[in-house]
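Read the structure below first, then the notes.
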Amino acid sequence: MSGFRSWMDIALQEAEKAADRGEVPVGAVVISADGRVLAADGNRMRERADPTAHAEMLVIRAACRATDSERLSGCSLYVTLEPCPMCAMAIAAARIARLFYGAADPKSGGVAQGPCVFSHPQAHHRPEVYDGIRARDSEALLRRFFAARR
């Protein structure tokens with residue numbers, strides 16, 4: 001990918017904000033094909049009392065509203081933690097072109113761990129996947145958050 005620019009710094013900022021709200025620190029950002037930020041947010045499950053209010057779900061919904069389309073073809077999603085199966089299915093349904101994520105999630109991941117949603121024959125769409133983007137920063141944020149709660 002020539003001219004690659006990572007937008008993970010925005011996702012990490014959103015993860016920090018989520019931690020400040022007492023949410024598990026996961027942040028995400030959707031970037032349009034022409035390089036515009038369409039949506040950025042962090043987890044809000046506790047705040048909204050909504051188990052689907054993962055960062056990925058929130059930014060996918062907001063980006064779809066911003067583009068007035070249920071498809072985000074050509075868009076990229078940056079997220080600080082490997083998406084869970086629910087979020088991976090939403091990524092496929094939205095036809096996101098590229099997924100960049102930071103930390104792997106051996107417990108709840110759905111991309112490289114667990115069900116490997118994009119490898120499943122029933123996946124309607126398989127984005128390009130790039131893992132390990134600023135993984136150390138994402139992992140450190142998660143470790144600090146959970147250490148403070150123990």
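Labels used: A, B, ... for chains in the order of the structure tokens, numbers from 1 for residues in each chain, and numbers from 1 for ligands as shown.
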Could you give me, as a PyMOL selection string, the residues within 6 Å of Ala11 of chain A, counting only C-alpha atoms and dropping anything in the same chain fewer than 6 positions from it? chain A and resi 27-29+79
Output N, CA, C and O atoms of each residue in that selection to a file, as a PDB file, in the first residue's frame.
```pdb
ATOM      1  N   GLY A  27     -11.160   1.934  20.884  1.00  0.00           N
ATOM      2  CA  GLY A  27     -11.540   3.046  20.034  1.00  0.00           C
ATOM      3  C   GLY A  27     -11.486   2.653  18.579  1.00  0.00           C
ATOM      4  O   GLY A  27     -10.756   1.730  18.206  1.00  0.00           O
ATOM      5  N   ALA A  28     -12.270   3.357  17.766  1.00  0.00           N
ATOM      6  CA  ALA A  28     -12.332   3.047  16.338  1.00  0.00           C
ATOM      7  C   ALA A  28     -12.566   4.315  15.532  1.00  0.00           C
ATOM      8  O   ALA A  28     -13.104   5.296  16.047  1.00  0.00           O
ATOM      9  N   VAL A  29     -12.160   4.257  14.266  1.00  0.00           N
ATOM     10  CA  VAL A  29     -12.377   5.368  13.346  1.00  0.00           C
ATOM     11  C   VAL A  29     -12.594   4.797  11.946  1.00  0.00           C
ATOM     12  O   VAL A  29     -11.943   3.830  11.554  1.00  0.00           O
ATOM     13  N   VAL A  79      -9.239   0.070  14.413  1.00  0.00           N
ATOM     14  CA  VAL A  79      -9.746  -0.225  15.751  1.00  0.00           C
ATOM     15  C   VAL A  79      -8.592  -0.736  16.605  1.00  0.00           C
ATOM     16  O   VAL A  79      -7.701  -1.428  16.113  1.00  0.00           O
TER      17      VAL A  79
END
```
Please tabulate, as JSON lines, the residues of segment 46-95 of chain A that come within 9 Å of segment 122-136 of chain A, each with its closest pair of atoms and the distance in Å to one decimal, counting only C-alpha atoms and ordering rows by chain, then residue number upward.
```
{"residue": "A:Tyr78", "atom": "CA", "partner": "A:Ile133", "partner_atom": "CA", "distance": 8.8}
{"residue": "A:Thr80", "atom": "CA", "partner": "A:Ala135", "partner_atom": "CA", "distance": 7.4}
{"residue": "A:Leu81", "atom": "CA", "partner": "A:Ala135", "partner_atom": "CA", "distance": 8.2}
{"residue": "A:Glu82", "atom": "CA", "partner": "A:Asp131", "partner_atom": "CA", "distance": 7.9}
{"residue": "A:Met89", "atom": "CA", "partner": "A:Ala123", "partner_atom": "CA", "distance": 7.5}
{"residue": "A:Ile91", "atom": "CA", "partner": "A:Pro127", "partner_atom": "CA", "distance": 8.0}
{"residue": "A:Ala92", "atom": "CA", "partner": "A:His125", "partner_atom": "CA", "distance": 4.9}
{"residue": "A:Ala93", "atom": "CA", "partner": "A:His124", "partner_atom": "CA", "distance": 6.9}
{"residue": "A:Ala94", "atom": "CA", "partner": "A:His125", "partner_atom": "CA", "distance": 8.6}
{"residue": "A:Arg95", "atom": "CA", "partner": "A:His125", "partner_atom": "CA", "distance": 6.0}
```
Same residues, C-alpha atoms, output as a CSV table (one decimal), in the first residue's frame:
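The resulting result.csv:
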```
chain,number,residue,atom,x,y,z
A,78,TYR,CA,-9.1,1.3,12.4
A,80,THR,CA,-7.5,-0.7,18.7
A,81,LEU,CA,-8.5,-4.3,19.5
A,82,GLU,CA,-9.3,-7.2,17.2
A,89,MET,CA,-20.1,-9.5,10.9
A,91,ILE,CA,-17.8,-5.0,9.1
A,92,ALA,CA,-18.6,-7.6,6.4
A,93,ALA,CA,-22.2,-6.4,6.1
A,94,ALA,CA,-21.0,-2.8,5.7
A,95,ARG,CA,-18.6,-4.0,3.0
```
Work out how far apart atom CA of Val59 of chain A and atom CA of Ala40 of chain A are and give it in Å to one decimal.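 About the pair atom CA of Val59 of chain A and atom CA of Ala40 of chain A: they are 5.7 Å apart.
One distance worth recording is that between atom CA of Gly114 of chain A and atom CA of Ala55 of chain A, which is 19.6 Å.
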Please report, as a ChimeraX atom specification, each residue of segment 39-81 of chain A to which DSSP assigns alpha helix (DSSP H) when run on this structure's backbone. /A:45-48,55-67
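Residues of segment 3-99 of chain A that DSSP places in strand (DSSP E), based on the backbone of this structure, are Gly27, Ala28, Val29, Val30, Ile31, Val37, Leu38, Ala39, Ala40, Asp41, Gly42, Ser76, Leu77, Tyr78, Val79, Thr80, Leu81, Arg98 and Leu99 of chain A.
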Fewer than 4 positions away in the same chain doesn't count, so skip those; otherwise give me all residues within 12 Å of Arg149 of chain A, counting only C-alpha atoms, as a list in words.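 Contacts, in chain order: Ala19, Gly22, Glu23, Val24, Leu142, Arg143, Arg144 and Phe145 of chain A.
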Option closest in space to Gly74 of chain A, from A:Ala39, A:Ala140, A:Ile96, A:Ala148 [counting only C-alpha atoms]: A:Ile96
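With distances restricted to only C-alpha atoms, A:Cys87 is the closest residue to Ser108 of chain A from A:Cys87, A:Ser6, A:Arg61, A:Pro121.
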